[in-house]
Amino acid sequence: MQIDEDSPGKRVLLMGNEAVARGAIEAGVQVVTGYPGTPSSEVIEALSQSKMDFHVQWSVNEKVAFDLAVGAAVVGARSMATMKNAGLNWIMDMLMTVVYGGVRGGLVIYVADDPGAHYSSNEQDTRFVAMYGKFPCLEPSNQHEAKELTKIAFDISEKLELPVMVRSLTRISHSSGDVILGSISRERNRIAFDRHWKMPYRWNVYGPPGPVEKHRWLMERLPEEIKIVESLEEPFNSLRLEGELGIIACGIAHGYVVEALNSLGLRANLLKLNTPYPIPEEKVLKLLRSSKKVLVVEENEPVVELQVRDLAQREGINVKIYGRHKNSLIEPYGELTHENVRRAIARFFEVKIEENEVPGAVLDDLVVPRSSMLCAGCPHLGAYWALRMALARKGRIPIVNGDIGCYEQGGYGIYAKKVEPSFSTESKKYRIESVYEMLDTNYIMGGGYGLAQGEFHAGYRDGTIVGLAGDSTFFHADLPSIANAVVNRANVLFLALDNSWTAMTGHQPSPTTGEDARGGRAARLDIEKVARALGVEYVKKADPWNLKEMQNAIEEAMDVEGPKLVIAERFCTLQAIRLKQYKPKIMYKVVEDKCIGCKLCIEFGCPANIFYAEKNKAAVDVNLCVGCGMCAQLCPTKAIVEVVE
Amino acid sequence: MIVYQMVVAGVGGQGSVMISHVIANAAIKEGFNVRVGEKFGAAMRGGAVSSHIRMFKGEDVAPVIPPGEADSVMALEPLEGARAASKFLKRGGVLLMNIVPIYPVDVSSGRAKYPDVDEIVRRASSFADVYALDAVELARKAGSIKTVNSVMLGSLSGLMILPISRENLLSSLLEGVPRGTEEVNRKAFELGERAMKGKK
């Protein structure tokens, strides 16, 4: 289906992120910016498919994306910035300040959280940020509501002149559901600028009478915010009173709670909550006053729970409140499941439950883990292999500081392998059994280049210190870090893995792609030139498919004092095949007589290299092999050879 | 009210998300509300991937199937079939499984043993109806190894266990495949269908 199909009333299947994109289109959005981050990326991807007259872009990072969206809203445009949970951390500076005076055009912040950390390095709850910045947060219960709330968010934002957050999560964003299309607004806000619009120095927080007055203006918005969320129409913030005990189910929790109540044959006073901040106080009070006790079910942190407790205390209502943190009935980590919600409700009602029979348990001991892998022929495999060999030769006890992108899999480990904690006070060397065990540290975008410098300045001298980044991360987060390393003379090795795409999140263009969000031509930045301009004197490029060349480049750089950069440059293999820029021609096979079963090709980590334990022989999976030849280069007995047709 | 719920399981890159969308679109054509809870692997490729398809009417439901309640599991790969069935398949449900394995690094590195496919079939048969087929071979017969999922969907259709008509399934499939590949996918669908005829 076309995302901007003009057929109101039609019921279609949309992924949550597509539903948000559709909501923005129906609202007449004018500017959309964002940085890719699973599970949020498909909003901009879907919008990029539309030829309608709005500006959509992949920005270099979330901070830039959000600054742009604010600028657009300042001149009156309906604008939206999209990001994942961790992406929101990047916009905090502007966000905490733009609320001092707010916006003119509707400004929507779309954030996809990830309880369960399916695609993320943490389970942070971004709704706290709405509370922190004192602007409304809307949370859908399903995909249709994601579309509707996105549309409503623009209206609320313009009414309040404040940004509005739409908070989604993996189970909405990356799930699909039937959505009923609405009509598309063809109206566009007028683009205009007035420096003193409704308030002196409206867009300049220091302008007289200054930030404190603008803070007062923000605080005075709160009653109006509550009034708006109170008056949302069905199915949002709907309250049904039909029992003695009360449950507040926020967002995605609603489906789980309804199913649990039905399966247990119970009835409750149920508030389906879609505004975790601020909460609709009248409705919550009605629930508190009609219930002997109340259970709050929400995803992640106690954002609603705390506000309900606060409200009850303020109003002198002595009702016991249960949740995930205090009086906890559901553990305060991990995501909601049928099991934990059902158990919590049973305990809350003090009824016995029969756990579901799971007859498939007879299969349990057959099921082994499937650790994720890089793609066959991935350039990162070559870069990691070369790094591994170089560090094994002369890195002593190296520290490899990783980062976020496909190459973060270099730290995923092998799930089936048991690792014991160590309590050594000395630096300790570990044998790396596969490229999936390369990373020593890994947290966030841009973390690797910074951590490396800290380790150096702290005096770590037991081995080589490496910082890693991909091309998209390099421009997202690492430019200040490199400048810092040059200025402060850190003796660290930077590795940039340039595959020309933001691949992990689904191949969005990066600054080294030369393409914009809608597929048009864009400027293409060169990492080498940028690094040299920032003052890195030693910069070397190598092709990761050429293992020797790559390893030599790294080893040579290791001998250089000060910050140095090695760029592993090769177009993403998967994308090259998709775009028909690369067609596998040569295939490889293992000559069994020559194979000594050393498993070096397995340690290399390419999914096309498999191993038959019974025979103690390696093999190449012809269905997966892309003919890069890297495994043939590293085989010590030359047992991996080209297939001659 | 839940009408039908199933898991589509496979390995990243096999297209389990695409095929579950085909089924969900067919369910919408049939007039149901639908929810597809997807769990992509941690990365784009190579990890375990499963989709939960829930067809329902009326009141909202959660995005995933409760343990032991799936009416069927359609597995594009045997280990993933075992993984999904072990947690979600109900007693008396259906496991439809492609028998061609994709080995995880955990197995090739010698840290784990790939389960015997016959043993998966034997154990699953103790509580469910199991239909195992070599969908890769049938896809090759259809004319393209890329039509494995169409073979699987045809097999599912041939079992006649879904509350969805053959026409709606097939038309959703043909709308979902790349333009120009309709015929080979239709053929794959029919081969899968024929393989299951009379089996249930």
# chains A, B, ... in the order shown; residues from 1 in each chain; ligands from 1
call {"tool": "residues_around", "arguments": {"residues": "Val136 of chain B", "least_positions_apart": "4", "cutoff": "9 Å", "atoms": "only C-alpha atoms", "output": "PyMOL selection string"}}
result
chain B and resi 98-100+140-141+145-148+151
call {"tool": "write_last_selection", "arguments": {"atoms": "C-alpha atoms", "output": "CSV table (one decimal), in the first residue's frame"}}
result
chain,number,residue,atom,x,y,z
B,98,ASN,CA,10.7,-27.2,6.3
B,99,ILE,CA,13.3,-29.8,7.1
B,100,VAL,CA,16.3,-28.0,5.7
B,140,ARG,CA,13.7,-25.6,-6.9
B,141,LYS,CA,11.1,-27.6,-8.8
B,145,ILE,CA,15.0,-21.4,-4.7
B,146,LYS,CA,13.6,-18.0,-3.6
B,147,THR,CA,10.1,-19.4,-3.5
B,148,VAL,CA,10.6,-21.5,-0.3
B,151,VAL,CA,5.8,-23.4,-0.9
call {"tool": "residues_around", "arguments": {"residues": "Arg521 of chain A", "least_positions_apart": "4", "cutoff": "12 Å", "atoms": "only C-alpha atoms", "output": "list in words"}}
result
Pro509, Pro511, Thr512, Thr513, Gly514, Glu515, Asp516 and Ala517 of chain A
call {"tool": "interface_residues", "arguments": {"of": "chain A", "to": "chain B", "cutoff": "8 Å", "atoms": "only C-alpha atoms", "output": "ChimeraX atom specification"}}
result
/A:11-13,118-119,171-172,174-178,252-256,258-259,338-339,356-364,366-375,406,409,414-417,504-506,599,602-603,605,607,610-613
call {"tool": "select_by_dssp", "arguments": {"residues": "segment 319-543 of chain A", "states": "strand (DSSP E or B)", "output": "compact mmCIF listing (two decimals) with all heavy atoms, in the first residue's frame"}}
result
# COMPACT_ATOMS: atom_id res chain seq x y z
N LYS A 320 -4.33 1.38 48.70
CA LYS A 320 -3.01 0.80 48.45
C LYS A 320 -2.79 0.69 46.93
O LYS A 320 -3.66 0.23 46.20
CB LYS A 320 -2.90 -0.57 49.10
CG LYS A 320 -1.46 -0.99 49.26
CD LYS A 320 -1.26 -2.00 50.37
CE LYS A 320 0.23 -2.31 50.50
NZ LYS A 320 0.53 -3.46 51.30
N ILE A 321 -1.62 1.13 46.51
CA ILE A 321 -1.30 1.15 45.07
C ILE A 321 -0.16 0.19 44.78
O ILE A 321 0.90 0.26 45.40
CB ILE A 321 -0.95 2.59 44.62
CG1 ILE A 321 -2.17 3.50 44.80
CG2 ILE A 321 -0.47 2.61 43.17
CD1 ILE A 321 -1.85 4.97 44.90
N TYR A 322 -0.41 -0.71 43.85
CA TYR A 322 0.57 -1.72 43.47
C TYR A 322 1.10 -1.40 42.07
O TYR A 322 0.42 -0.76 41.28
CB TYR A 322 -0.06 -3.12 43.44
CG TYR A 322 -0.55 -3.59 44.78
CD1 TYR A 322 -1.79 -3.16 45.27
CD2 TYR A 322 0.22 -4.44 45.56
CE1 TYR A 322 -2.24 -3.58 46.51
CE2 TYR A 322 -0.23 -4.87 46.80
CZ TYR A 322 -1.46 -4.44 47.27
OH TYR A 322 -1.89 -4.85 48.48
N GLY A 323 2.32 -1.88 41.79
CA GLY A 323 2.87 -1.63 40.47
C GLY A 323 4.03 -2.54 40.19
O GLY A 323 4.03 -3.71 40.55
N SER A 328 5.55 -4.20 44.58
CA SER A 328 5.74 -4.72 43.23
C SER A 328 5.06 -6.07 43.03
O SER A 328 5.28 -7.01 43.78
CB SER A 328 7.26 -4.84 43.00
OG SER A 328 7.51 -5.70 41.94
N ARG A 396 49.66 -7.28 22.71
CA ARG A 396 49.78 -7.73 24.12
C ARG A 396 48.39 -7.94 24.74
O ARG A 396 47.66 -8.80 24.29
CB ARG A 396 50.64 -6.76 24.93
CG ARG A 396 52.10 -6.79 24.42
CD ARG A 396 52.98 -5.82 25.15
NE ARG A 396 52.56 -4.44 24.89
CZ ARG A 396 52.44 -3.49 25.81
NH1 ARG A 396 52.71 -3.76 27.08
NH2 ARG A 396 52.07 -2.28 25.49
N ILE A 399 42.80 -3.48 24.50
CA ILE A 399 41.40 -3.18 24.83
C ILE A 399 40.75 -2.71 23.54
O ILE A 399 41.19 -1.72 22.94
CB ILE A 399 41.27 -2.09 25.91
CG1 ILE A 399 42.10 -2.42 27.15
CG2 ILE A 399 39.80 -1.93 26.30
CD1 ILE A 399 42.04 -1.34 28.24
N VAL A 400 39.73 -3.43 23.11
CA VAL A 400 39.00 -3.03 21.91
C VAL A 400 37.68 -2.43 22.34
O VAL A 400 36.83 -3.11 22.91
CB VAL A 400 38.80 -4.23 20.96
CG1 VAL A 400 38.07 -3.77 19.69
CG2 VAL A 400 40.13 -4.87 20.60
N ASN A 401 37.54 -1.13 22.09
CA ASN A 401 36.34 -0.41 22.51
C ASN A 401 35.36 -0.30 21.35
O ASN A 401 35.64 0.34 20.34
CB ASN A 401 36.72 1.00 23.00
CG ASN A 401 37.64 0.93 24.21
OD1 ASN A 401 37.19 0.65 25.31
ND2 ASN A 401 38.93 1.17 23.99
N THR A 441 34.74 -3.53 25.30
CA THR A 441 33.73 -2.62 25.86
C THR A 441 32.75 -2.29 24.75
O THR A 441 33.12 -2.25 23.57
CB THR A 441 34.35 -1.30 26.37
OG1 THR A 441 34.71 -0.49 25.24
CG2 THR A 441 35.57 -1.52 27.24
N GLY A 463 48.71 -2.85 26.82
CA GLY A 463 48.45 -3.32 25.46
C GLY A 463 47.88 -2.20 24.61
O GLY A 463 47.66 -1.09 25.08
N ILE A 465 45.40 0.11 22.61
CA ILE A 465 44.04 0.60 22.88
C ILE A 465 43.40 0.97 21.55
O ILE A 465 43.93 1.79 20.80
CB ILE A 465 44.05 1.81 23.83
CG1 ILE A 465 44.74 1.45 25.15
CG2 ILE A 465 42.63 2.29 24.09
CD1 ILE A 465 44.94 2.65 26.07
N VAL A 466 42.26 0.35 21.27
CA VAL A 466 41.59 0.54 19.99
C VAL A 466 40.18 1.11 20.23
O VAL A 466 39.49 0.69 21.16
CB VAL A 466 41.45 -0.81 19.24
CG1 VAL A 466 40.82 -0.60 17.87
CG2 VAL A 466 42.82 -1.48 19.10
N GLY A 467 39.78 2.04 19.39
CA GLY A 467 38.39 2.52 19.37
C GLY A 467 37.80 2.25 18.00
O GLY A 467 38.46 2.46 16.98
N LEU A 468 36.57 1.76 17.96
CA LEU A 468 35.94 1.36 16.70
C LEU A 468 34.70 2.20 16.41
O LEU A 468 33.98 2.56 17.33
CB LEU A 468 35.42 -0.06 16.86
CG LEU A 468 36.27 -1.24 16.44
CD1 LEU A 468 35.73 -2.49 17.10
CD2 LEU A 468 36.17 -1.39 14.95
N ALA A 469 34.46 2.48 15.15
CA ALA A 469 33.20 3.13 14.78
C ALA A 469 32.87 2.81 13.33
O ALA A 469 33.78 2.60 12.52
CB ALA A 469 33.29 4.64 14.97
N GLY A 470 31.60 2.81 13.00
CA GLY A 470 31.18 2.66 11.61
C GLY A 470 31.09 4.03 10.95
O GLY A 470 31.29 5.05 11.61
N LEU A 493 44.46 3.84 18.77
CA LEU A 493 44.22 3.46 17.37
C LEU A 493 42.72 3.52 17.10
O LEU A 493 41.95 2.80 17.73
CB LEU A 493 44.74 2.04 17.13
CG LEU A 493 44.36 1.39 15.80
CD1 LEU A 493 44.90 2.17 14.60
CD2 LEU A 493 44.85 -0.06 15.75
N PHE A 494 42.34 4.41 16.20
CA PHE A 494 40.94 4.46 15.78
C PHE A 494 40.77 3.61 14.54
O PHE A 494 41.57 3.67 13.61
CB PHE A 494 40.51 5.89 15.45
CG PHE A 494 40.52 6.82 16.64
CD1 PHE A 494 41.18 8.04 16.57
CD2 PHE A 494 39.86 6.48 17.80
CE1 PHE A 494 41.18 8.91 17.66
CE2 PHE A 494 39.86 7.33 18.90
CZ PHE A 494 40.52 8.55 18.82
N LEU A 495 39.68 2.84 14.54
CA LEU A 495 39.35 2.05 13.36
C LEU A 495 37.98 2.52 12.88
O LEU A 495 37.04 2.59 13.68
CB LEU A 495 39.30 0.57 13.77
CG LEU A 495 39.65 -0.46 12.73
CD1 LEU A 495 41.05 -0.25 12.21
CD2 LEU A 495 39.53 -1.86 13.33
N ALA A 496 37.88 2.90 11.62
CA ALA A 496 36.57 3.28 11.06
C ALA A 496 36.18 2.22 10.05
O ALA A 496 36.94 1.92 9.13
CB ALA A 496 36.65 4.65 10.41
N LEU A 497 35.01 1.62 10.25
CA LEU A 497 34.53 0.57 9.35
C LEU A 497 33.53 1.22 8.41
O LEU A 497 32.37 1.42 8.76
CB LEU A 497 33.90 -0.56 10.15
CG LEU A 497 34.76 -1.10 11.30
CD1 LEU A 497 34.01 -2.17 12.09
CD2 LEU A 497 36.08 -1.67 10.79
N ASP A 498 33.99 1.59 7.23
CA ASP A 498 33.16 2.36 6.31
C ASP A 498 32.57 1.44 5.25
O ASP A 498 33.24 1.05 4.30
CB ASP A 498 34.02 3.46 5.66
CG ASP A 498 33.20 4.36 4.75
OD1 ASP A 498 31.97 4.15 4.63
OD2 ASP A 498 33.79 5.28 4.14
N TRP A 501 26.90 2.62 4.46
CA TRP A 501 25.48 2.59 4.82
C TRP A 501 25.31 2.52 6.33
O TRP A 501 26.18 2.02 7.03
CB TRP A 501 24.78 1.36 4.21
CG TRP A 501 24.70 1.44 2.73
CD1 TRP A 501 25.60 0.94 1.83
CD2 TRP A 501 23.69 2.10 1.95
NE1 TRP A 501 25.22 1.25 0.55
CE2 TRP A 501 24.04 1.94 0.60
CE3 TRP A 501 22.51 2.79 2.27
CZ2 TRP A 501 23.27 2.48 -0.44
CZ3 TRP A 501 21.75 3.31 1.25
CH2 TRP A 501 22.13 3.16 -0.10
N THR A 502 24.15 2.99 6.79
CA THR A 502 23.74 2.73 8.16
C THR A 502 23.02 1.38 8.08
O THR A 502 21.80 1.31 7.91
CB THR A 502 22.80 3.83 8.69
OG1 THR A 502 23.38 5.10 8.36
CG2 THR A 502 22.60 3.73 10.17
N GLN A 508 19.81 2.60 5.86
CA GLN A 508 19.53 4.00 5.56
C GLN A 508 20.84 4.62 5.06
O GLN A 508 21.92 4.15 5.41
CB GLN A 508 19.06 4.74 6.82
CG GLN A 508 17.71 4.25 7.35
CD GLN A 508 17.83 2.96 8.15
OE1 GLN A 508 18.91 2.59 8.59
NE2 GLN A 508 16.72 2.27 8.34
N PRO A 509 20.73 5.67 4.24
CA PRO A 509 21.96 6.30 3.76
C PRO A 509 22.73 6.95 4.91
O PRO A 509 22.13 7.46 5.85
CB PRO A 509 21.47 7.36 2.78
CG PRO A 509 20.02 7.55 3.08
CD PRO A 509 19.52 6.27 3.67
N GLU A 515 23.54 9.69 -0.94
CA GLU A 515 22.13 9.57 -1.27
C GLU A 515 21.31 10.17 -0.14
O GLU A 515 21.72 10.10 1.02
CB GLU A 515 21.80 8.07 -1.40
CG GLU A 515 20.54 7.75 -2.13
CD GLU A 515 20.36 6.24 -2.27
OE1 GLU A 515 21.22 5.59 -2.88
OE2 GLU A 515 19.37 5.73 -1.73
N ARG A 521 20.25 12.36 -5.09
CA ARG A 521 21.70 12.49 -4.91
C ARG A 521 22.02 13.42 -3.75
O ARG A 521 21.35 14.42 -3.53
CB ARG A 521 22.32 13.07 -6.18
CG ARG A 521 22.74 12.01 -7.18
CD ARG A 521 23.23 12.68 -8.44
NE ARG A 521 24.52 13.33 -8.20
CZ ARG A 521 25.67 12.82 -8.61
NH1 ARG A 521 25.68 11.66 -9.25
NH2 ARG A 521 26.80 13.43 -8.39
N TYR A 538 48.19 10.44 10.88
CA TYR A 538 48.33 9.12 10.26
C TYR A 538 46.95 8.55 9.94
O TYR A 538 46.19 8.18 10.83
CB TYR A 538 49.10 8.17 11.18
CG TYR A 538 49.39 6.84 10.51
CD1 TYR A 538 50.58 6.64 9.82
CD2 TYR A 538 48.45 5.81 10.55
CE1 TYR A 538 50.83 5.44 9.17
CE2 TYR A 538 48.70 4.61 9.92
CZ TYR A 538 49.89 4.43 9.23
OH TYR A 538 50.13 3.24 8.60
N VAL A 539 46.61 8.50 8.65
CA VAL A 539 45.34 7.94 8.23
C VAL A 539 45.62 6.97 7.09
O VAL A 539 46.34 7.30 6.16
CB VAL A 539 44.36 9.02 7.72
CG1 VAL A 539 43.01 8.41 7.38
CG2 VAL A 539 44.18 10.13 8.75
N LYS A 540 45.10 5.77 7.19
CA LYS A 540 45.36 4.78 6.14
C LYS A 540 44.08 4.03 5.80
O LYS A 540 43.32 3.66 6.69
CB LYS A 540 46.43 3.79 6.64
CG LYS A 540 46.90 2.82 5.62
CD LYS A 540 48.40 2.97 5.41
CE LYS A 540 48.84 2.16 4.20
NZ LYS A 540 50.28 2.17 4.07
N LYS A 541 43.87 3.84 4.50
CA LYS A 541 42.72 3.06 4.05
C LYS A 541 43.15 1.68 3.64
O LYS A 541 44.23 1.50 3.07
CB LYS A 541 42.07 3.73 2.83
CG LYS A 541 41.04 4.77 3.16
CD LYS A 541 40.35 5.27 1.90
CE LYS A 541 39.50 6.49 2.25
NZ LYS A 541 38.90 7.11 1.08
N ALA A 542 42.31 0.67 3.90
CA ALA A 542 42.59 -0.68 3.42
C ALA A 542 41.28 -1.38 3.08
O ALA A 542 40.22 -0.98 3.56
CB ALA A 542 43.37 -1.46 4.47
call {"tool": "residues_around", "arguments": {"residues": "Glu555 of chain A", "least_positions_apart": "6", "cutoff": "9 Å", "atoms": "only C-alpha atoms", "output": "list in words"}}
result
Leu387, Ala390, Leu391, Arg393, Lys394 and Gly395 of chain A
call {"tool": "atom_distance", "arguments": {"atom1": "atom CA of Gly251 of chain A", "atom2": "atom CA of Ser50 of chain A"}}
result
28.6 Å
call {"tool": "residues_around", "arguments": {"residues": "segment 28-35 of chain A", "least_positions_apart": "4", "cutoff": "7 Å", "atoms": "only C-alpha atoms", "output": "ChimeraX atom specification"}}
result
/A:24,54-62,65,69,72,77-83,184-188
call {"tool": "select_by_dssp", "arguments": {"residues": "segment 202-449 of chain A", "states": "alpha helix (DSSP H)", "output": "PyMOL selection string"}}
result
chain A and resi 211-219+222-230+253-264+281-290+303-314+338-349+379-394+447-449
call {"tool": "atom_distance", "arguments": {"atom1": "atom CA of Met630 of chain A", "atom2": "atom CA of Trp545 of chain A"}}
result
6.1 Å
call {"tool": "atom_distance", "arguments": {"atom1": "atom CA of Ser168 of chain A", "atom2": "atom CA of Gly176 of chain B"}}
result
26.7 Å
call {"tool": "residues_around", "arguments": {"residues": "Asn488 of chain A", "least_positions_apart": "4", "cutoff": "10 Å", "atoms": "only C-alpha atoms", "output": "list in words"}}
result
Gln453, His457, Ile482, Ala483, Asn484, Gly562 and Pro563 of chain A
call {"tool": "closest_residue", "arguments": {"among": "B:Leu174, B:Val94, B:Val7, B:Ile23", "to": "Val130 of chain B", "atoms": "only C-alpha atoms"}}
result
B:Val94
call {"tool": "residues_around", "arguments": {"residues": "Tyr430 of chain A", "least_positions_apart": "2", "cutoff": "9 Å", "atoms": "only C-alpha atoms", "output": "list in words"}}
result
Ile397, Lys428 and Ile432 of chain A
call {"tool": "residues_around", "arguments": {"residues": "Lys198 of chain A", "least_positions_apart": "4", "cutoff": "10 Å", "atoms": "only C-alpha atoms", "output": "ChimeraX atom specification"}}
result
/A:101,104,194,202
call {"tool": "write_last_selection", "arguments": {"atoms": "C-alpha atoms", "output": "PDB file, in the first residue's frame"}}
result
ATOM      1  CA  GLY A 101       8.677  29.373  25.516  1.00  0.00           C
ATOM      2  CA  ARG A 104       4.489  27.871  17.112  1.00  0.00           C
ATOM      3  CA  ASP A 194       7.895  36.912  14.411  1.00  0.00           C
ATOM      4  CA  ARG A 202       9.898  34.240  22.241  1.00  0.00           C
TER       5      ARG A 202
END
call {"tool": "closest_residue", "arguments": {"among": "A:Ala608, A:Leu329, A:Ala73, A:Ala268", "to": "Ile191 of chain A", "atoms": "only C-alpha atoms"}}
result
A:Ala73
call {"tool": "closest_residue", "arguments": {"among": "B:Glu30, B:Val3, B:Val73, B:Asn149", "to": "Val184 of chain B", "atoms": "only C-alpha atoms"}}
result
B:Asn149
